[in-house]
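Data block for run-v2.cif (mmCIF, C-alpha atoms):
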data_input
loop_
_atom_site.label_atom_id
_atom_site.label_comp_id
_atom_site.auth_asym_id
_atom_site.auth_seq_id
_atom_site.Cartn_x
_atom_site.Cartn_y
_atom_site.Cartn_z
CA ARG E 106 -21.05 2.57 20.64
CA TYR E 107 -22.12 1.32 17.24
CA LEU E 108 -24.29 2.86 14.54
CA ARG E 109 -25.81 0.43 12.06
CA PHE E 110 -25.34 2.47 8.92
CA GLY E 111 -26.61 -0.15 6.50
CA VAL E 112 -25.29 -0.07 2.95
CA ARG E 113 -24.85 3.70 2.95
CA GLU E 114 -21.16 4.44 2.44
CA HIS E 115 -21.43 8.18 1.80
CA ALA E 116 -23.81 8.76 4.71
CA MET E 117 -21.62 6.58 6.95
CA SER E 118 -18.50 8.62 6.19
CA SER E 119 -20.36 11.93 6.48
CA ILE E 120 -21.74 10.99 9.90
CA CYS E 121 -18.22 10.10 11.05
CA ASN E 122 -17.06 13.54 9.91
CA GLY E 123 -19.84 15.09 11.96
CA LEU E 124 -18.95 13.07 15.04
CA PHE E 125 -15.30 14.10 14.77
CA ALA E 126 -16.23 17.76 14.23
CA TYR E 127 -18.49 17.71 17.29
CA GLY E 128 -15.64 16.44 19.49
CA GLY E 129 -15.30 13.86 22.20
CA PHE E 130 -15.41 10.97 19.72
CA ARG E 131 -12.84 9.19 17.58
CA PRO E 132 -15.12 7.68 14.94
CA PHE E 133 -14.31 4.80 12.66
CA CYS E 134 -16.33 3.12 9.94
CA ALA E 135 -15.88 0.11 7.70
CA THR E 136 -16.88 -1.43 4.39
CA PHE E 137 -15.35 -3.26 1.42
CA LEU E 138 -12.48 -1.22 -0.04
CA ASN E 139 -14.10 -1.02 -3.47
CA PHE E 140 -17.15 0.74 -2.03
CA ALA E 141 -15.07 3.59 -0.68
CA GLY E 142 -15.81 4.96 -4.15
CA TYR E 143 -19.35 5.74 -3.03
CA ALA E 144 -17.93 7.80 -0.15
CA LEU E 145 -15.08 9.68 -1.84
CA GLY E 146 -16.72 13.07 -1.39
CA ALA E 147 -17.01 12.60 2.37
CA ILE E 148 -13.53 11.04 2.57
CA ARG E 149 -12.11 14.07 0.77
CA LEU E 150 -13.85 16.28 3.32
CA SER E 151 -12.15 14.30 6.13
CA ALA E 152 -8.76 15.04 4.59
CA LEU E 153 -9.56 18.67 3.75
CA SER E 154 -10.98 19.38 7.23
CA GLN E 155 -8.15 17.55 9.05
CA PHE E 156 -10.58 15.11 10.67
CA GLY E 157 -8.74 12.02 11.92
CA VAL E 158 -11.51 9.60 10.96
CA ILE E 159 -10.36 5.97 10.75
CA TYR E 160 -11.62 4.03 7.74
CA ILE E 161 -11.29 0.25 8.01
CA MET E 162 -11.57 -1.42 4.62
CA THR E 163 -11.72 -5.16 3.94
CA HIS E 164 -11.63 -7.30 0.78
CA ASP E 165 -8.80 -5.17 -0.57
CA SER E 166 -7.94 -6.85 -3.89
CA ILE E 167 -8.86 -9.42 -6.53
CA GLY E 168 -8.13 -11.98 -3.79
CA LEU E 169 -11.69 -11.57 -2.50
CA GLY E 170 -12.64 -14.04 -5.22
CA GLU E 171 -16.03 -15.01 -6.53
CA ASP E 172 -17.83 -11.70 -5.96
CA GLY E 173 -16.03 -10.64 -9.11
CA PRO E 174 -14.97 -7.34 -10.65
CA THR E 175 -17.90 -5.34 -9.22
CA HIS E 176 -16.41 -5.91 -5.76
CA GLN E 177 -12.69 -6.15 -6.55
CA PRO E 178 -10.83 -2.84 -6.07
CA VAL E 179 -8.31 -2.14 -8.82
CA GLU E 180 -8.00 1.65 -8.94
CA MET E 181 -9.14 2.49 -5.41
CA LEU E 182 -5.76 2.39 -3.63
CA GLU E 183 -4.27 4.84 -6.11
CA GLN E 184 -7.29 7.13 -5.90
CA LEU E 185 -6.86 7.28 -2.14
CA ARG E 186 -3.06 7.62 -2.22
CA SER E 187 -3.35 10.58 -4.58
CA MET E 188 -5.48 12.50 -2.05
CA PRO E 189 -3.58 15.04 0.11
CA ASN E 190 -3.51 14.52 3.88
CA LEU E 191 -4.63 10.89 3.81
CA ASN E 192 -2.62 7.91 5.05
CA VAL E 193 -3.33 4.63 3.26
CA PHE E 194 -2.19 1.49 5.07
CA ARG E 195 -2.16 -1.99 3.53
CA PRO E 196 -0.70 -4.23 6.25
CA ALA E 197 0.80 -7.62 5.42
CA ASP E 198 0.71 -9.28 8.85
CA SER E 199 -0.40 -8.78 12.46
CA ASN E 200 2.55 -6.55 13.42
CA GLU E 201 1.88 -4.26 10.49
CA THR E 202 -1.82 -4.17 11.40
CA VAL E 203 -0.99 -3.12 14.97
CA ALA E 204 1.34 -0.43 13.61
CA SER E 205 -1.38 0.81 11.26
CA TYR E 206 -3.84 1.22 14.11
CA GLN E 207 -1.26 2.91 16.33
CA MET E 208 -0.39 5.43 13.63
CA ALA E 209 -4.05 6.00 12.77
CA LEU E 210 -4.93 6.70 16.41
CA SER E 211 -2.02 9.13 16.79
CA SER E 212 -2.86 11.02 13.57
CA HIS E 213 -5.53 13.40 14.86
CA LYS E 214 -5.42 15.73 11.86
CA THR E 215 -4.99 13.10 9.15
CA PRO E 216 -7.63 10.48 8.30
CA SER E 217 -6.40 6.93 7.85
CA PHE E 218 -7.39 4.03 5.62
CA ILE E 219 -6.51 0.57 6.91
CA CYS E 220 -7.00 -1.84 4.00
CA CYS E 221 -7.17 -5.49 4.99
CA SER E 222 -7.04 -8.68 2.97
CA ARG E 223 -9.73 -11.33 2.94
CA SER E 224 -6.99 -13.88 2.23
CA THR E 225 -4.83 -15.69 4.75
CA VAL E 226 -1.44 -13.99 4.88
CA LEU E 227 1.97 -15.35 5.83
CA ALA E 228 3.65 -14.20 9.03
CA ILE E 229 6.75 -12.11 8.32
CA PRO E 230 9.56 -13.31 10.63
CA ALA E 231 11.50 -10.04 10.29
CA SER E 232 8.51 -7.75 10.90
CA SER E 233 7.87 -5.69 14.01
CA VAL E 234 5.53 -2.91 15.00
CA GLU E 235 8.48 -0.50 15.20
CA LYS E 236 9.70 -1.32 11.69
CA ALA E 237 6.22 -1.09 10.20
CA MET E 238 5.74 2.35 11.72
CA LYS E 239 8.41 3.64 9.32
CA GLY E 240 6.10 2.93 6.40
CA ALA E 241 8.43 0.43 4.73
CA TYR E 242 11.20 -1.91 5.89
CA CYS E 243 13.18 -4.97 4.81
CA ALA E 244 10.95 -8.01 5.27
CA VAL E 245 13.68 -10.23 3.79
CA PRO E 246 16.97 -8.44 4.50
CA GLU E 247 19.84 -8.66 2.01
CA GLU E 248 22.86 -6.39 2.38
CA SER E 249 23.97 -6.45 -1.28
CA PRO E 250 20.92 -7.40 -3.32
CA ASP E 251 20.86 -8.15 -7.03
CA LEU E 252 17.12 -7.51 -7.01
CA ILE E 253 14.63 -5.77 -4.72
CA LEU E 254 10.97 -6.79 -4.56
CA ILE E 255 8.46 -4.37 -3.01
CA GLY E 256 5.12 -5.75 -1.88
CA THR E 257 2.11 -4.70 0.13
CA GLY E 258 -0.57 -6.70 1.92
CA SER E 259 -1.05 -10.29 0.79
CA GLU E 260 1.49 -9.91 -2.02
CA VAL E 261 4.37 -9.62 0.47
CA GLY E 262 3.99 -13.33 1.17
CA PHE E 263 4.23 -14.12 -2.54
CA CYS E 264 7.38 -11.98 -2.74
CA MET E 265 8.96 -13.77 0.22
CA THR E 266 8.34 -17.17 -1.36
CA ALA E 267 9.74 -15.93 -4.66
CA ALA E 268 12.80 -14.42 -2.96
CA ALA E 269 13.74 -17.78 -1.46
CA GLU E 270 13.65 -19.40 -4.91
CA LEU E 271 15.55 -16.53 -6.51
CA ALA E 272 18.24 -16.73 -3.83
CA ALA E 273 18.54 -20.47 -4.43
CA SER E 274 19.19 -19.74 -8.11
CA GLY E 275 21.96 -17.28 -7.24
CA ILE E 276 20.03 -13.98 -7.33
CA LYS E 277 20.35 -12.25 -3.97
CA THR E 278 16.93 -10.73 -3.31
CA ARG E 279 15.71 -8.21 -0.76
CA VAL E 280 11.99 -8.02 -0.03
CA VAL E 281 10.59 -4.69 1.14
CA SER E 282 7.17 -4.52 2.73
CA MET E 283 5.59 -1.09 2.28
CA PRO E 284 2.45 -0.85 4.41
CA CYS E 285 2.18 2.93 3.92
CA GLN E 286 3.79 5.00 1.15
CA GLU E 287 2.91 8.29 2.82
CA VAL E 288 4.61 7.40 6.11
CA PHE E 289 7.70 6.04 4.31
CA LEU E 290 8.12 9.30 2.41
CA GLN E 291 8.13 11.18 5.73
CA GLN E 292 11.25 9.33 6.89
CA THR E 293 14.75 10.72 6.53
CA MET E 294 16.36 10.35 3.12
CA GLU E 295 19.06 8.28 4.80
CA TYR E 296 16.49 5.74 5.96
CA GLN E 297 14.66 5.72 2.62
CA LEU E 298 17.91 4.98 0.77
CA SER E 299 18.82 2.23 3.22
CA VAL E 300 15.62 0.43 2.22
CA LEU E 301 15.33 1.44 -1.45
CA PRO E 302 18.70 2.67 -2.76
CA GLY E 303 17.24 3.35 -6.22
CA ASP E 304 20.18 1.95 -8.22
CA VAL E 305 19.36 -1.73 -7.69
CA PRO E 306 16.84 -3.37 -10.06
CA THR E 307 13.54 -3.00 -8.22
CA MET E 308 10.17 -4.56 -8.99
CA SER E 309 6.94 -3.71 -7.19
CA VAL E 310 4.22 -6.33 -6.76
CA GLU E 311 0.72 -5.13 -5.86
CA ALA E 312 -2.66 -6.46 -7.02
CA SER E 313 -3.82 -2.95 -7.78
CA SER E 314 -3.29 -0.18 -10.31
CA VAL E 315 0.26 0.40 -11.55
CA HIS E 316 0.02 4.16 -11.16
CA GLY E 317 2.11 5.59 -8.34
CA TRP E 318 4.67 2.79 -8.22
CA HIS E 319 7.08 4.23 -10.78
CA ARG E 320 8.67 6.46 -8.14
CA PHE E 321 9.69 3.38 -6.14
CA SER E 322 10.38 0.69 -8.76
CA HIS E 323 11.82 0.21 -12.25
CA VAL E 324 9.19 -2.36 -13.25
CA GLN E 325 5.83 -3.35 -11.85
CA ILE E 326 3.59 -6.39 -11.58
CA SER E 327 0.15 -4.88 -11.16
CA MET E 328 -3.43 -4.76 -12.40
CA THR E 329 -4.09 -3.12 -15.76
CA ARG E 330 -7.70 -4.26 -16.17
CA PHE E 331 -10.72 -5.16 -14.06
CA GLY E 332 -10.70 -8.46 -12.20
CA MET E 333 -12.70 -11.64 -12.72
CA SER E 334 -14.92 -13.97 -10.75
CA GLY E 335 -13.15 -17.04 -9.40
CA PRO E 336 -11.27 -18.44 -6.40
CA GLY E 337 -8.86 -15.86 -4.98
CA GLY E 338 -5.78 -18.05 -5.36
CA ALA E 339 -6.59 -18.81 -8.98
CA LEU E 340 -7.09 -15.12 -9.72
CA PHE E 341 -3.73 -14.19 -8.20
CA SER E 342 -2.10 -16.72 -10.54
CA THR E 343 -4.14 -15.65 -13.56
CA PHE E 344 -3.10 -12.02 -13.16
CA GLY E 345 0.58 -12.78 -12.56
CA PHE E 346 0.99 -12.53 -8.78
CA SER E 347 2.06 -16.12 -8.16
CA PRO E 348 5.55 -16.71 -6.74
CA GLU E 349 6.41 -18.58 -9.94
CA ASN E 350 5.67 -15.55 -12.12
CA ILE E 351 7.46 -13.20 -9.72
CA VAL E 352 10.53 -15.44 -9.97
CA ALA E 353 10.36 -15.50 -13.78
CA LYS E 354 9.89 -11.74 -14.05
CA GLY E 355 12.59 -11.11 -11.44
CA LYS E 356 15.11 -13.10 -13.46
CA THR E 357 14.14 -11.16 -16.57
CA VAL E 358 14.65 -7.83 -14.80
CA VAL E 359 18.09 -8.79 -13.48
CA GLU E 360 19.18 -10.06 -16.91
CA TYR E 361 17.87 -6.95 -18.65
CA TYR E 362 19.87 -4.54 -16.51
CA LYS E 363 22.92 -6.80 -16.60
CA ASN E 364 22.88 -6.59 -20.40
CA ALA E 365 22.15 -2.85 -20.30
CA GLY E 366 25.25 -2.31 -18.17
CA THR E 367 23.59 0.28 -15.93
CA VAL E 368 20.58 0.67 -13.68
CA PRO E 369 18.80 4.07 -13.76
CA ASN E 370 18.85 5.57 -10.28
CA LEU E 371 15.27 6.29 -9.27
CA ASN E 372 16.52 8.93 -6.84
CA SER E 373 18.65 10.80 -9.37
CA HIS E 374 16.53 13.90 -9.83
CA PRO E 375 16.13 17.30 -8.15
CA ILE E 376 13.79 17.51 -5.17
CA PHE E 377 11.77 20.71 -4.97
CA ASP E 378 10.61 22.20 -1.70
CA ASP E 379 6.88 22.52 -1.14
CA VAL E 380 6.11 25.93 -2.65
CA MET E 381 3.66 26.80 0.14
CA ILE E 382 6.19 25.97 2.87
CA ALA E 383 8.96 27.78 1.00
CA ASN E 384 6.79 30.88 0.88
CA GLY E 385 6.04 30.71 4.58
CA HIS E 386 2.42 29.52 4.29
#
Using the file provided, produce a representation of the structure as structure tokens.
Amino acid sequence: RYLRFGVREHAMSSICNGLFAYGGFRPFCATFLNFAGYALGAIRLSALSQFGVIYIMTHDSIGLGEDGPTHQPVEMLEQLRSMPNLNVFRPADSNETVASYQMALSSHKTPSFICCSRSTVLAIPASSVEKAMKGAYCAVPEESPDLILIGTGSEVGFCMTAAAELAASGIKTRVVSMPCQEVFLQQTMEYQLSVLPGDVPTMSVEASSVHGWHRFSHVQISMTRFGMSGPGGALFSTFGFSPENIVAKGKTVVEYYKNAGTVPNLNSHPIFDDVMIANGH
């Protein structure tokens, strides 16, 4: 059942492609998320060939700690999300992890990345497998929010803690957990707008590259440089992912748009059909 690949990420992924192409197997492989970079050519072939290989990645952020910037993925999530026909999951709790596996196993023509934290994560009382399978949902519901926080993985817990403090200060805050951008964008526009209306001040919080989040949020707390060596909790604070900093930045965002008098609607733009589909290809 198991092949001991050793530290050979490209060969590991290529062998999984071969197993899938042969048939009769549903291969999976695993390594640290940062070292998916060594396998990108084979991963791209999975997506291009419509091979539903399952990639299980651990140590998914600066939270891995003392191994330092050589092991801490900063740009990897965005590299993977920018690849066509690839689903990238970053679950925040056990329900979201179950949903990620269920969707990966049912996606025979789309490879899946399940990116898991080394850190302990908070349980999300409002989560469920069914909600997570929509790609994003309200982890802290709020019908008429003054502010929306979007988080993934371990940062959802930080957002939930911050939301409680913001609410106590009079700022009604919704927290959205987004385990998979690709799956969320496949939902109906009605559902997408029920989660992220676009005209409410929205701040994304992910310990990864900022690129790709502008379509979902007005402002971002993200990584703009390589990480550092140190305890995971200390690094999250150093780089601005602590609940205290999320609260401070959240208050700044709300005040900014209050003074501006308007909030740009992130959904106020034309949506073009896929040119290949429109042309019958």
Name the residues captured by the PyMOL selection byres ((chain E and resi 110-123) around 6) when it is applied to the shown file; answer as JSON, numbers by chain.
{"E": [108, 109, 124, 125, 126, 132, 143, 144, 147]}
Neighbour list for E:Thr343 as a list in words, cut-off 10 Å, all atoms listed in the file, skip fewer than 6 positions in-chain:
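Once the adjacent positions are removed, what remains is Gly332, Met333, Gly337 and Asn350 of chain E.
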Among listed residues E:Ile351, E:Ile161, E:Val193, E:Ala141, nearest E:Glu287 (using all atoms listed in the file):
E:Val193
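When the distance limit is 8 Å and all atoms listed in the file are what count, the residues near stretch 345-347 of chain E, minus those fewer than 6 positions from it on the same chain, are Glu260, Phe263, Val310, Glu311, Ala312 and Ile326 of chain E.
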For the PyMOL selection byres ((chain E and resi 319) around 12), applied here, can you spell out every residue it catches as a PyMOL selection string?
chain E and resi 255+303+307-310+314-318+320-327+370-372
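Counting from atom CA of E:Tyr361, the distance to atom CA of E:Pro306 is 9.4 Å.
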Would you kindly return, as an mmCIF file with C-alpha atoms, keeping the file's coordinate frame, each protein, DNA or RNA residue with an atom no farther than 10 Å from any atom of E:Lys363, considering all atoms listed in the file and excluding same-chain residues fewer than 5 positions away?
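And here is the file that came out, selection.cif:
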data_model
loop_
_atom_site.group_PDB
_atom_site.id
_atom_site.type_symbol
_atom_site.label_atom_id
_atom_site.label_comp_id
_atom_site.auth_asym_id
_atom_site.auth_seq_id
_atom_site.Cartn_x
_atom_site.Cartn_y
_atom_site.Cartn_z
ATOM 1 C CA ASP E 251 20.860 -8.150 -7.030
ATOM 2 C CA PRO E 306 16.840 -3.370 -10.060
ATOM 3 C CA THR E 357 14.140 -11.160 -16.570
ATOM 4 C CA VAL E 358 14.650 -7.830 -14.800
ATOM 5 C CA VAL E 368 20.580 0.670 -13.680
#
Work out how far atom CA of E:Leu301 is from atom CA of E:Pro369, in Å to one decimal.
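Result for atom CA of E:Pro369 versus atom CA of E:Leu301: 13.1 Å, one decimal.
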Return as a PyMOL selection string the set of residues that the PyMOL selection byres ((chain E and resi 221-235) around 9) yields on the displayed structure.
chain E and resi 138+161-166+168-169+194-205+219-220+236-239+242-246+258-263+265+282+337-338
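Between E:Pro250 and the residues E:Leu340, E:Val359, E:Gly157, E:Tyr127, the shortest atom-to-atom distance, using all atoms listed in the file, involves E:Val359.
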Which residues come within 10 Å of E:Glu349, counting all atoms listed in the file, excluding same-chain residues fewer than 5 positions away, as a CSV table (one decimal) with C-alpha atoms, in the frame of the given file?
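The resulting part_18.csv:
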chain,number,residue,atom,x,y,z
E,263,PHE,CA,4.2,-14.1,-2.5
E,264,CYS,CA,7.4,-12.0,-2.7
E,266,THR,CA,8.3,-17.2,-1.4
E,267,ALA,CA,9.7,-15.9,-4.7
E,270,GLU,CA,13.6,-19.4,-4.9
E,271,LEU,CA,15.6,-16.5,-6.5
E,342,SER,CA,-2.1,-16.7,-10.5
E,354,LYS,CA,9.9,-11.7,-14.0
E,355,GLY,CA,12.6,-11.1,-11.4
Neighbouring residues of stretch 176-192 of chain E were defined as those with any atom within 6 Å, considering all atoms listed in the file; residues of the same chain fewer than 2 positions away were excluded. Please report them as number ranges by chain.
E: 139, 152, 166-167, 172-174, 215-217, 287, 313-314
Extract stretch 197-210 of chain E from the coordinates I pasted, and write it as a CSV table (one decimal), in the first residue's frame (atoms kept: all heavy atoms).
chain,number,residue,atom,x,y,z
E,197,ALA,N,-9.6,24.5,8.3
E,197,ALA,CA,-9.4,25.1,9.6
E,197,ALA,C,-9.7,24.3,10.8
E,197,ALA,O,-9.4,24.6,12.0
E,197,ALA,CB,-10.2,26.4,9.7
E,198,ASP,N,-10.5,23.2,10.6
E,198,ASP,CA,-10.9,22.3,11.7
E,198,ASP,C,-11.2,20.9,11.2
E,198,ASP,O,-11.0,20.7,10.0
E,198,ASP,CB,-12.0,22.9,12.6
E,198,ASP,CG,-13.4,22.8,11.9
E,198,ASP,OD1,-13.4,22.4,10.7
E,198,ASP,OD2,-14.4,23.0,12.6
E,199,SER,N,-11.6,20.0,12.0
E,199,SER,CA,-11.8,18.6,11.6
E,199,SER,C,-12.9,18.5,10.6
E,199,SER,O,-12.8,17.7,9.7
E,199,SER,CB,-12.1,17.8,12.8
E,199,SER,OG,-13.3,18.2,13.5
E,200,ASN,N,-14.0,19.3,10.7
E,200,ASN,CA,-15.1,19.2,9.8
E,200,ASN,C,-14.6,19.6,8.4
E,200,ASN,O,-15.0,19.0,7.4
E,200,ASN,CB,-16.3,20.1,10.2
E,200,ASN,CG,-17.1,19.5,11.3
E,200,ASN,OD1,-17.2,18.2,11.4
E,200,ASN,ND2,-17.7,20.3,12.2
E,201,GLU,N,-13.9,20.7,8.3
E,201,GLU,CA,-13.3,21.2,7.1
E,201,GLU,C,-12.4,20.1,6.5
E,201,GLU,O,-12.3,20.0,5.2
E,201,GLU,CB,-12.7,22.5,7.2
E,201,GLU,CG,-13.7,23.6,7.6
E,201,GLU,CD,-13.0,25.0,7.5
E,201,GLU,OE1,-11.9,25.1,7.0
E,201,GLU,OE2,-13.6,26.0,8.0
E,202,THR,N,-11.6,19.5,7.3
E,202,THR,CA,-10.7,18.4,6.8
E,202,THR,C,-11.4,17.3,6.2
E,202,THR,O,-11.1,16.8,5.1
E,202,THR,CB,-9.8,17.9,8.0
E,202,THR,OG1,-9.1,19.1,8.5
E,202,THR,CG2,-8.8,16.9,7.4
E,203,VAL,N,-12.5,16.8,6.9
E,203,VAL,CA,-13.4,15.8,6.3
E,203,VAL,C,-13.9,16.2,5.0
E,203,VAL,O,-13.9,15.4,4.0
E,203,VAL,CB,-14.5,15.4,7.3
E,203,VAL,CG1,-15.5,14.5,6.6
E,203,VAL,CG2,-13.9,14.7,8.5
E,204,ALA,N,-14.4,17.4,4.9
E,204,ALA,CA,-15.0,17.9,3.6
E,204,ALA,C,-13.9,18.0,2.6
E,204,ALA,O,-14.2,17.6,1.4
E,204,ALA,CB,-15.6,19.3,3.9
E,205,SER,N,-12.7,18.4,2.9
E,205,SER,CA,-11.6,18.4,1.9
E,205,SER,C,-11.4,17.0,1.3
E,205,SER,O,-11.2,16.9,0.1
E,205,SER,CB,-10.3,19.0,2.6
E,205,SER,OG,-10.6,20.3,3.0
E,206,TYR,N,-11.3,16.0,2.2
E,206,TYR,CA,-11.1,14.7,1.7
E,206,TYR,C,-12.2,14.2,0.9
E,206,TYR,O,-12.0,13.5,-0.2
E,206,TYR,CB,-10.8,13.7,2.9
E,206,TYR,CG,-9.4,13.7,3.3
E,206,TYR,CD1,-8.9,14.4,4.4
E,206,TYR,CD2,-8.4,12.9,2.7
E,206,TYR,CE1,-7.6,14.4,4.8
E,206,TYR,CE2,-7.1,12.9,3.1
E,206,TYR,CZ,-6.7,13.6,4.2
E,206,TYR,OH,-5.4,13.6,4.6
E,207,GLN,N,-13.4,14.5,1.3
E,207,GLN,CA,-14.6,14.0,0.5
E,207,GLN,C,-14.6,14.6,-0.9
E,207,GLN,O,-14.8,13.9,-1.9
E,207,GLN,CB,-15.9,14.4,1.2
E,207,GLN,CG,-16.2,13.5,2.4
E,207,GLN,CD,-17.6,13.7,3.0
E,207,GLN,OE1,-18.4,14.4,2.3
E,207,GLN,NE2,-17.9,13.2,4.1
E,208,MET,N,-14.3,15.9,-1.0
E,208,MET,CA,-14.3,16.6,-2.3
E,208,MET,C,-13.1,16.1,-3.1
E,208,MET,O,-13.2,15.9,-4.3
E,208,MET,CB,-14.2,18.1,-2.1
E,208,MET,CG,-15.6,18.7,-1.6
E,208,MET,SD,-15.6,20.5,-1.6
E,208,MET,CE,-14.7,20.8,0.0
E,209,ALA,N,-12.0,15.8,-2.5
E,209,ALA,CA,-10.8,15.3,-3.2
E,209,ALA,C,-11.1,14.0,-3.8
E,209,ALA,O,-10.8,13.7,-5.0
E,209,ALA,CB,-9.6,15.3,-2.3
E,210,LEU,N,-11.7,13.1,-3.0
E,210,LEU,CA,-12.0,11.7,-3.5
E,210,LEU,C,-13.1,11.7,-4.6
E,210,LEU,O,-13.1,10.8,-5.4
E,210,LEU,CB,-12.5,10.9,-2.3
E,210,LEU,CG,-11.4,10.5,-1.3
E,210,LEU,CD1,-12.0,9.9,-0.1
E,210,LEU,CD2,-10.4,9.5,-2.0
